[in-house]
Structures are given as C-alpha cells and as structure tokens.
Amino acid sequence: MHSQKRKLTYHVATTLDGFIAREDDSFDCFSNVGDHVTDYLTMLRAYGAVVMGRRTYEIGLKFNVTDPYPFLDTYVVSRSLKEAPNPRVNLISGDVVGAVRALKAQEGKDIYLAGGGDLATQLLTAGLVDEVLIKLNPLVLGTGIPLVTRLPSHVPLELLSTKVYRTGVLLLQYAVNP
C-alpha cells in the first residue's frame with residue numbers, strides 16, 4: 001500500500017491587507033472569540049505536528065508557555081536558540097527545507113505551519129506547502145509582519161472552500177498548485 005505524504009498547511013490569521021501580526025509581533029487586534037475560534041481549536045486536533053519560527057514561538061515564551069501545542073510534535077526553527085526551553089520542543093537550526101521534507105515523509109497526521117511569514121516564504125519557495133488556510137480578519141493594519149515576504153515567483157493557489165463567520169472572519173482554504 002502506497003502511503004500518502006503528510007500535508008503541510010500554512011494555517012494563519014491575517015488582516016485584509018495581508019499582515020499576520022503587528023510590527024512588534026503582537027496580534028491582539030485579531031478577534032479571539034466566536035465560532036471561528038472554536039473551529040480553529042477543533043482543526044488543530046487534525047494535525048500531528050506543528051512547525052513554527054522562533055519569533056512565533058517566543059510569543060508564548062513571554063507568558064511562560066514553553067509547549068504551546070502539548071498534543072502536537074513541536075518543531076521550532078531557530079538559528080539563535082541553542083537549547084529548547086521544553087524537552088518536548090525540537091529545534092531545527094540547520095537545513096530547514098531538508099528537515100521539513102523529512103517530517104513530511106514520516107508516517108502521521110498532517111503538519112501545521114504556524115508561522116511566521118519568513119518561514120512560510122522559505123517553505124512555499126521550496127514547494128513544501130500543500131495548503132494555505134487563511135483566517136481573514138475584518139481589519140486593516142497598514143503595517144506589520146506580512147503573510148509572506150519576498151517570494152522569488154508567484155505561487156498559484158486553488159480555492160477549495162470558504163466559510164463565513166458571524167464575527168466577519170472568513171476561512172479560506174487553498175490548495176497550493178504544483
């Protein structure tokens with residue numbers, strides 16, 4: 001039986017103008033109440049692992065959260081962290097693309113790419129992101145941390161589904177076209 005590769009999904013909240021956080025990495029401007037939050041928490045259970053950049057991980061560290069997803073295998077991409085603050089957290093410091101490619105080749109549930117924009121750009125460029133799941137929030141920031149940074153070329157997406165929440169949040173599911 002041919003085993004199916006694990007999907008890597010960039011699952012992220014963004015503003016209408018494409019920012020995933022303020023310039024200081026804060027994201028308190030995003031609505032954290034409503035059905036979209038309940039759905040998000042349910043969707044997290046479909047993943048088996050989470051990959052995130054150090055700056056995304058450090059948001060939780062500010063609140064002494066060293067293991068933000070205790071039910072997922074956690075991988076933090078960092079060149080500066082020498083030791084993980086939690087034994088459950090695995091650091092990826094060298095070949096990020098190779099490490100994520102190896103993760104995708106393992107048996108298991110799909111992988112949640114939690115951010116940030118630079119890491120997502122690197123993995124999109126390498127062709128490793130299979131799906132983009134956007135929680136489009138009804139606000140404009142004008143400046144902040146972008147959804148992606150400089151892509152060498154455009155990445156075509158195919159819209160798979162949409163969901164509209166009473167809060168005004170839209171959930172947009174896209175396949176990344178090969």
# chains A, B, ... in the order shown; residues from 1 in each chain; ligands from 1

$ residues_around --residues "His154 (chain A)" --least-positions-apart "2" --cutoff "12 Å" --atoms "only C-alpha atoms" --output "list in words"
Thr121, Leu124, Thr125, Gly127, Val148, Thr149, Arg150, Leu151, Pro152, Pro156, Leu157, Val176, Asn177 and Pro178 of chain A

$ select_by_dssp --residues "region 22-163 of chain A" --states "strand (DSSP E or B)" --output "VMD selection string"
chain A and resid 47 to 53 73 to 77 89 to 92 110 to 115 131 to 137 145 to 146 157 to 163

$ closest_residue --among "A:Leu81, A:Leu141, A:Val100, A:Val164" --to "Asp17 (chain A)" --atoms "only C-alpha atoms"
A:Leu141

$ closest_residue --among "A:Leu123, A:Val50, A:Ala21, A:Leu16" --to "Asn90 (chain A)" --atoms "only C-alpha atoms"
A:Val50

$ select_by_dssp --residues "region 5-177 of chain A" --states "helix (DSSP H, G or I)" --output "ChimeraX atom specification"
/A:35-44,54-61,96-105,117-125

$ residues_around --residues "region 52-62 of chain A" --least-positions-apart "2" --cutoff "8 Å" --atoms "only C-alpha atoms" --output "PDB file with C-alpha atoms, in the first residue's frame"
ATOM      1  CA  ASP A  25       4.777  40.544  16.740  1.00  0.00           C
ATOM      2  CA  SER A  26       1.594  41.185  18.775  1.00  0.00           C
ATOM      3  CA  VAL A  50       3.498  21.919  14.318  1.00  0.00           C
ATOM      4  CA  ASN A  64       5.997  31.231  30.179  1.00  0.00           C
ATOM      5  CA  VAL A  65       4.306  28.911  27.658  1.00  0.00           C
ATOM      6  CA  THR A  66       7.147  26.614  26.597  1.00  0.00           C
ATOM      7  CA  PRO A  68       2.118  25.810  23.157  1.00  0.00           C
ATOM      8  CA  TYR A  75       9.381  21.947  15.925  1.00  0.00           C
ATOM      9  CA  VAL A  76      10.832  25.443  16.254  1.00  0.00           C
ATOM     10  CA  VAL A  77      13.084  26.810  13.521  1.00  0.00           C
ATOM     11  CA  SER A  78      15.858  28.906  15.048  1.00  0.00           C
ATOM     12  CA  LEU A  81      18.161  29.185  20.289  1.00  0.00           C
ATOM     13  CA  LEU A 113       2.798  25.567   9.781  1.00  0.00           C
ATOM     14  CA  ALA A 114       2.005  28.164  12.446  1.00  0.00           C
ATOM     15  CA  GLY A 115       4.197  30.990  11.124  1.00  0.00           C
ATOM     16  CA  GLY A 116       5.861  33.271  10.637  1.00  0.00           C
ATOM     17  CA  LEU A 119       9.470  30.633   7.355  1.00  0.00           C
TER      18      LEU A 119
END

$ residues_around --residues "Thr15 (chain A)" --least-positions-apart "3" --cutoff "9 Å" --atoms "only C-alpha atoms" --output "PyMOL selection string"
chain A and resi 18-21+30+135-141
